[in-house]
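Okay, query33.cif now, which holds mmCIF, C-alpha atoms:
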data_upload
loop_
_atom_site.label_atom_id
_atom_site.label_comp_id
_atom_site.auth_asym_id
_atom_site.auth_seq_id
_atom_site.Cartn_x
_atom_site.Cartn_y
_atom_site.Cartn_z
CA MET A 1 0.00 0.00 0.00
CA SER A 2 1.31 3.44 -0.98
CA ALA A 3 0.27 6.29 1.31
CA ILE A 4 -0.22 9.51 -0.67
CA ALA A 5 1.96 11.56 1.71
CA GLU A 6 4.88 9.21 1.05
CA LEU A 7 4.73 9.35 -2.75
CA SER A 8 7.66 10.75 -4.71
CA GLU A 9 8.54 11.17 -8.36
CA GLU A 10 9.12 7.93 -10.32
CA ARG A 11 7.70 5.80 -7.52
CA VAL A 12 5.33 2.93 -8.32
CA VAL A 13 1.88 3.42 -6.78
CA GLU A 14 -0.20 0.47 -5.63
CA GLY A 15 -3.04 0.90 -3.18
CA VAL A 16 -6.68 1.65 -2.44
CA TYR A 17 -7.92 5.25 -2.43
CA ALA A 18 -11.17 7.18 -2.61
CA VAL A 19 -11.96 9.19 -5.75
CA ALA A 20 -12.71 12.72 -4.57
CA ARG A 21 -13.02 14.07 -8.11
CA LYS A 22 -13.54 12.51 -11.53
CA GLN A 23 -13.70 14.41 -14.81
CA ARG A 24 -13.70 13.16 -18.37
CA LEU A 25 -11.73 15.57 -20.56
CA ARG A 26 -9.97 15.68 -23.92
CA THR A 27 -6.39 16.45 -24.88
CA LYS A 28 -5.58 19.15 -27.43
CA GLY A 29 -5.52 16.37 -29.99
CA GLY A 30 -9.03 15.28 -29.07
CA ALA A 31 -8.16 12.07 -27.23
CA PRO A 32 -10.25 11.36 -24.10
CA TYR A 33 -8.65 11.09 -20.67
CA LEU A 34 -9.77 11.02 -17.04
CA ALA A 35 -8.67 13.66 -14.52
CA LEU A 36 -8.95 12.32 -10.97
CA GLU A 37 -8.19 13.43 -7.44
CA LEU A 38 -7.33 10.53 -5.16
CA VAL A 39 -7.44 10.80 -1.35
CA ASP A 40 -6.42 8.75 1.65
CA PRO A 41 -5.98 9.66 5.34
CA SER A 42 -2.50 11.07 4.62
CA GLY A 43 -3.50 13.52 1.86
CA ARG A 44 -4.61 13.90 -1.73
CA ILE A 45 -3.03 13.80 -5.19
CA ASP A 46 -4.10 14.37 -8.79
CA ALA A 47 -4.16 11.39 -11.15
CA ARG A 48 -4.61 10.91 -14.89
CA VAL A 49 -5.89 7.97 -16.94
CA TRP A 50 -4.50 8.26 -20.46
CA HIS A 51 -5.00 4.72 -21.77
CA ASP A 52 -7.99 2.34 -21.92
CA VAL A 53 -10.16 5.27 -20.93
CA GLU A 54 -13.48 3.72 -22.03
CA LEU A 55 -12.77 0.50 -20.18
CA LEU A 56 -11.55 2.06 -16.95
CA ASP A 57 -14.14 4.85 -16.90
CA ALA A 58 -16.92 2.29 -16.67
CA ARG A 59 -15.41 0.60 -13.62
CA PHE A 60 -15.97 3.33 -11.02
CA ALA A 61 -17.75 6.56 -10.15
CA GLU A 62 -16.77 9.69 -8.26
CA GLY A 63 -16.90 8.93 -4.55
CA ASP A 64 -15.98 5.24 -4.95
CA ALA A 65 -13.06 3.46 -3.37
CA VAL A 66 -10.72 2.11 -6.06
CA ARG A 67 -7.61 -0.02 -6.30
CA VAL A 68 -4.94 1.76 -8.35
CA LEU A 69 -1.70 0.71 -9.99
CA GLY A 70 0.38 3.44 -11.54
CA ARG A 71 3.50 5.58 -11.40
CA VAL A 72 4.17 9.02 -9.93
CA GLU A 73 5.32 11.72 -12.33
CA LYS A 74 5.81 15.47 -12.04
CA PHE A 75 3.71 17.88 -14.11
CA ARG A 76 4.06 21.65 -13.74
CA ASN A 77 6.00 21.15 -10.53
CA ARG A 78 3.28 19.05 -8.94
CA LEU A 79 3.16 15.31 -8.42
CA GLN A 80 0.44 13.30 -10.11
CA VAL A 81 -0.24 9.62 -10.70
CA ASP A 82 -0.11 8.16 -14.20
CA VAL A 83 -2.70 5.40 -13.77
CA ARG A 84 -1.90 2.15 -15.56
CA THR A 85 -4.88 0.18 -14.30
CA LEU A 86 -7.75 0.78 -11.92
CA GLU A 87 -10.74 -1.12 -10.58
CA ALA A 88 -13.46 -0.65 -7.98
CA ALA A 89 -12.70 -1.84 -4.45
CA PRO A 90 -16.18 -2.88 -3.28
CA GLY A 91 -14.94 -4.15 0.07
CA ALA A 92 -13.51 -0.75 1.05
CA ASP A 93 -15.52 2.04 2.68
CA PRO A 94 -14.78 5.41 0.99
CA ALA A 95 -15.43 7.17 4.31
CA GLU A 96 -12.28 5.58 5.72
CA PHE A 97 -10.12 7.39 3.16
CA ALA A 98 -10.99 10.97 4.07
CA PRO A 99 -7.77 12.95 4.72
CA ALA A 100 -7.25 13.13 8.46
CA LEU A 101 -6.76 16.36 10.38
CA ARG A 102 -3.23 16.77 11.69
CA ARG A 103 -4.32 19.32 14.31
CA ASP A 104 -7.16 19.43 16.82
CA ALA A 105 -10.38 20.75 15.27
CA ASP A 106 -11.20 23.01 18.24
CA GLU A 107 -7.69 24.46 18.12
CA LEU A 108 -8.07 25.20 14.41
CA ASP A 109 -11.45 26.78 15.04
CA GLY A 110 -9.91 29.09 17.60
CA PHE A 111 -7.09 30.04 15.22
CA LEU A 112 -9.61 30.88 12.51
CA GLU A 113 -11.44 33.29 14.83
CA PHE A 114 -8.14 34.80 15.98
CA LEU A 115 -6.96 35.40 12.41
CA ALA A 116 -10.26 36.97 11.41
CA GLY A 117 -10.01 39.25 14.44
CA GLU A 118 -6.59 40.48 13.27
CA ILE A 119 -8.18 42.40 10.36
CA SER A 120 -8.49 46.04 11.38
CA HIS A 121 -9.94 47.38 8.11
CA GLY A 122 -13.64 47.75 8.88
CA GLY A 123 -14.95 46.85 5.42
CA LEU A 124 -12.72 43.80 4.96
CA ALA A 125 -13.42 42.64 8.52
CA ASP A 126 -17.17 42.87 7.88
CA VAL A 127 -16.93 40.76 4.73
CA VAL A 128 -14.87 38.06 6.45
CA THR A 129 -17.12 38.03 9.53
CA ARG A 130 -20.22 37.76 7.35
CA PHE A 131 -18.81 34.78 5.48
CA PHE A 132 -17.81 32.87 8.58
CA SER A 133 -21.16 33.48 10.26
CA GLU A 134 -22.91 32.04 7.17
CA THR A 135 -20.55 29.24 6.17
CA HIS A 136 -18.67 28.37 9.37
CA HIS A 137 -20.31 24.94 9.57
CA SER A 138 -18.87 24.14 6.12
CA TYR A 139 -15.30 24.97 7.15
CA ALA A 140 -14.54 21.50 8.36
CA GLY A 141 -11.75 19.00 7.93
CA GLY A 142 -9.18 19.75 5.27
CA LEU A 143 -10.72 23.10 4.28
CA LEU A 144 -10.48 24.43 7.83
CA GLU A 145 -6.92 23.18 8.22
CA HIS A 146 -5.80 24.56 4.86
CA THR A 147 -7.45 27.96 5.41
CA VAL A 148 -5.80 28.38 8.79
CA GLY A 149 -2.46 27.26 7.35
CA VAL A 150 -2.52 29.67 4.41
CA ALA A 151 -3.75 32.59 6.51
CA THR A 152 -1.07 31.97 9.16
CA ILE A 153 1.68 31.95 6.51
CA CYS A 154 0.31 35.20 5.07
CA ARG A 155 0.10 36.84 8.51
CA GLU A 156 3.71 35.95 9.34
CA THR A 157 4.88 37.15 5.91
CA ALA A 158 3.13 40.49 6.39
CA GLN A 159 4.87 40.90 9.76
CA LEU A 160 8.25 40.29 8.09
CA HIS A 161 7.46 42.67 5.24
CA PRO A 162 5.53 45.71 6.57
CA ARG A 163 5.01 47.16 3.08
CA LEU A 164 2.46 44.44 2.43
CA ARG A 165 -1.13 45.44 3.15
CA SER A 166 -1.74 42.94 5.91
CA ASP A 167 -5.53 43.44 6.15
CA LEU A 168 -5.98 42.82 2.43
CA LEU A 169 -3.64 39.83 2.43
CA LEU A 170 -5.21 38.22 5.50
CA ALA A 171 -8.77 38.74 4.24
CA ALA A 172 -7.87 37.21 0.86
CA ALA A 173 -6.18 34.27 2.59
CA LEU A 174 -9.21 33.57 4.78
CA LEU A 175 -11.60 33.77 1.82
CA HIS A 176 -9.50 32.33 -1.02
CA ASP A 177 -11.15 28.90 -0.88
CA VAL A 178 -14.65 29.96 0.22
CA GLY A 179 -15.95 28.70 -3.14
CA ARG A 180 -15.20 25.17 -1.95
CA VAL A 181 -18.36 25.23 0.19
CA ALA A 182 -20.41 25.58 -3.01
CA GLU A 183 -18.16 23.45 -5.21
CA LEU A 184 -18.19 20.33 -3.05
CA THR A 185 -20.79 18.35 -1.19
CA SER A 186 -20.16 17.34 2.40
CA GLY A 187 -18.77 13.93 3.09
CA PRO A 188 -15.44 12.13 3.18
CA THR A 189 -14.77 12.40 -0.54
CA PHE A 190 -16.41 15.81 -1.10
CA ARG A 191 -17.96 15.18 -4.50
CA GLN A 192 -18.37 18.12 -6.83
CA THR A 193 -21.79 19.68 -7.14
CA ASP A 194 -23.11 20.28 -10.66
CA GLU A 195 -22.30 23.97 -10.26
CA GLY A 196 -18.86 23.17 -8.90
CA ARG A 197 -18.06 20.87 -11.81
CA LEU A 198 -19.01 23.54 -14.34
CA LEU A 199 -17.62 26.67 -12.68
CA GLY A 200 -14.95 25.58 -10.17
CA HIS A 201 -14.25 26.93 -6.71
CA VAL A 202 -12.35 30.06 -7.81
CA HIS A 203 -15.23 31.40 -9.92
CA LEU A 204 -17.78 30.43 -7.28
CA GLY A 205 -15.77 32.11 -4.54
CA LEU A 206 -15.44 35.33 -6.51
CA ARG A 207 -19.16 35.39 -7.14
CA MET A 208 -19.92 34.77 -3.45
CA VAL A 209 -17.64 37.63 -2.37
CA GLU A 210 -19.08 39.99 -4.98
CA GLU A 211 -22.58 39.28 -3.71
CA ARG A 212 -21.63 40.00 -0.09
CA SER A 213 -19.23 42.94 -0.45
CA SER A 214 -21.29 45.64 -2.16
CA GLY A 215 -20.64 48.01 0.76
CA LEU A 216 -16.87 47.58 0.54
CA GLN A 217 -14.86 50.42 -1.00
CA ARG A 218 -14.36 49.75 -4.71
CA ASP A 219 -10.54 49.66 -4.65
CA ALA A 220 -10.42 47.30 -1.66
CA ARG A 221 -13.08 45.09 -3.24
CA SER A 222 -11.19 44.87 -6.54
CA GLU A 223 -7.89 44.08 -4.81
CA LEU A 224 -9.53 41.39 -2.69
CA LEU A 225 -11.16 39.75 -5.71
CA HIS A 226 -7.91 39.95 -7.69
CA ALA A 227 -5.88 38.19 -4.99
CA MET A 228 -8.51 35.46 -4.70
CA ALA A 229 -8.65 35.04 -8.48
CA CYS A 230 -4.87 34.50 -8.73
CA HIS A 231 -4.32 32.03 -5.93
CA HIS A 232 -3.71 29.24 -8.47
CA ASP A 233 -2.02 31.41 -11.12
CA ALA A 234 1.13 33.30 -10.15
CA ARG A 235 1.55 34.74 -13.65
CA ALA A 236 -1.77 36.58 -13.36
CA ALA A 237 -0.86 38.31 -10.09
CA ARG A 238 -0.58 42.09 -10.41
CA THR A 239 -0.09 42.93 -6.73
CA ALA A 240 2.36 41.78 -4.10
CA GLU A 241 -0.51 40.52 -1.95
CA ALA A 242 -1.85 38.34 -4.78
CA ALA A 243 1.62 36.87 -5.38
CA VAL A 244 2.15 36.16 -1.67
CA LEU A 245 -1.24 34.44 -1.43
CA TYR A 246 -0.38 32.23 -4.41
CA HIS A 247 2.89 31.11 -2.83
CA ALA A 248 1.33 30.64 0.62
CA ASN A 249 -1.39 28.47 -0.90
CA HIS A 250 1.17 26.40 -2.80
CA LEU A 251 3.46 26.09 0.23
CA ASP A 252 0.69 24.87 2.50
CA ALA A 253 -0.47 22.33 -0.11
CA VAL A 254 3.08 20.98 -0.57
CA ALA A 255 3.73 20.81 3.17
CA ALA A 256 0.47 18.94 3.74
CA THR A 257 1.28 16.17 1.27
CA ARG A 258 4.97 15.45 1.92
CA PRO A 259 6.28 12.98 4.49
CA ILE A 260 8.29 14.16 7.50
CA PRO A 261 11.63 12.27 7.60
CA ASP A 262 12.32 10.21 10.71
#
Show this structure as structure tokens.
Amino acid sequence: MSAIAELSEERVVEGVYAVARKQRLRTKGGAPYLALELVDPSGRIDARVWHDVELLDARFAEGDAVRVLGRVEKFRNRLQVDVRTLEAAPGADPAEFAPALRRDADELDGFLEFLAGEISHGGLADVVTRFFSETHHSYAGGLLEHTVGVATICRETAQLHPRLRSDLLLAAALLHDVGRVAELTSGPTFRQTDEGRLLGHVHLGLRMVEERSSGLQRDARSELLHAMACHHDARAARTAEAAVLYHANHLDAVAATRPIPD
């Protein structure tokens, strides 16, 4: 069995995982392939099925537990699994493969409230407070842990570099993944909703913030939306805060899926 957190480039993968996301896409040449996200208690990783797509696609659905054989490769600086073969694992419970929290949930909850309270800009603080009062119940598990991690990295970076607008950066960090609550259903494998599959969490998050920030000053609102929009695309960042959020998001994701040497 290969735990996701222990995977490295060129390593053979053999194990049972839950399919948190499944999409059927096409290459530029028109060939079909499957884009997957596999999860286990140690983390999550992207996977691709390039061959025998019709055959393998029929063997499982999003949310199923599957037995996978493949090889780890690196694509755009991120690890992903090149799946050679895959089949349903009917004897496995997908709920058992939900990524586990590495920190106490109550402790994370307290950190989230502390970080939100660090925002002194009245308009930005109101937007963040409004979101957490409406969606706090959805900030569970990996989303809560990741949000606290990214926001903490951003807060510390702003303290090291005072020229950064800390209120803007911290608000963007706390809200950057808010679209996940609309993109994914609850549950151990967090299946995509129909809206989430079509629009994705970045677009959904931007729309949610736009709907709830009409009273925010236009410049602050635009900067907040820009930083959120770029948290997966460093090349699109036009402000220092947007660039820092991108790197904080990437750093937390890498740290969460790499083993700690003995």
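With all atoms listed in the file as the atoms that count, the residue of A:Asp57, A:Glu134, A:Glu107, A:Glu223 with the shortest distance to A:Met208 is A:Glu134.
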For this session: Output the residue selection produced by the PyMOL selection byres ((chain A and resi 178-181) around 6) on the file above, formatted as a count of residues only.
Result: 9
For this session: Evaluate the PyMOL selection byres ((chain A and resi 242-255) around 10) and record the selected residues as JSON, numbers by chain, following the chain and residue labels used in the document.
Result: {"A": [5, 43, 44, 78, 79, 145, 146, 147, 148, 149, 150, 151, 152, 153, 154, 157, 158, 164, 168, 169, 170, 172, 173, 176, 177, 223, 224, 225, 226, 227, 228, 229, 230, 231, 232, 233, 234, 235, 236, 237, 238, 239, 240, 241, 256, 257, 258, 259, 260]}
Exercise. Pick from A:Arg165, A:Arg197, A:Arg207, A:Arg130: nearest to A:Arg24, with all atoms listed in the file counted?
Worked result: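 Answer, going by the shortest atom-to-atom distance: A:Arg197.
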For this session: Return the single residue from A:Val72, A:Val81, A:Ala95, A:Ala220 that is closest to A:Pro41, with distances computed using only C-alpha atoms.
Result: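 For A:Pro41, the nearest of the candidates is A:Ala95.
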For this session: Could you list the residues chosen by the PyMOL selection byres ((chain A and resi 83) around 6) in this structure as a VMD selection string?
Result: chain A and resid 48 to 49 70 81 to 82 84 to 85
For this session: Determine the nearest neighbour of A:Ala65 from the options A:Ala35, A:Glu96, A:Asp52, A:Ser42, counting all atoms listed in the file.
Result: A:Glu96
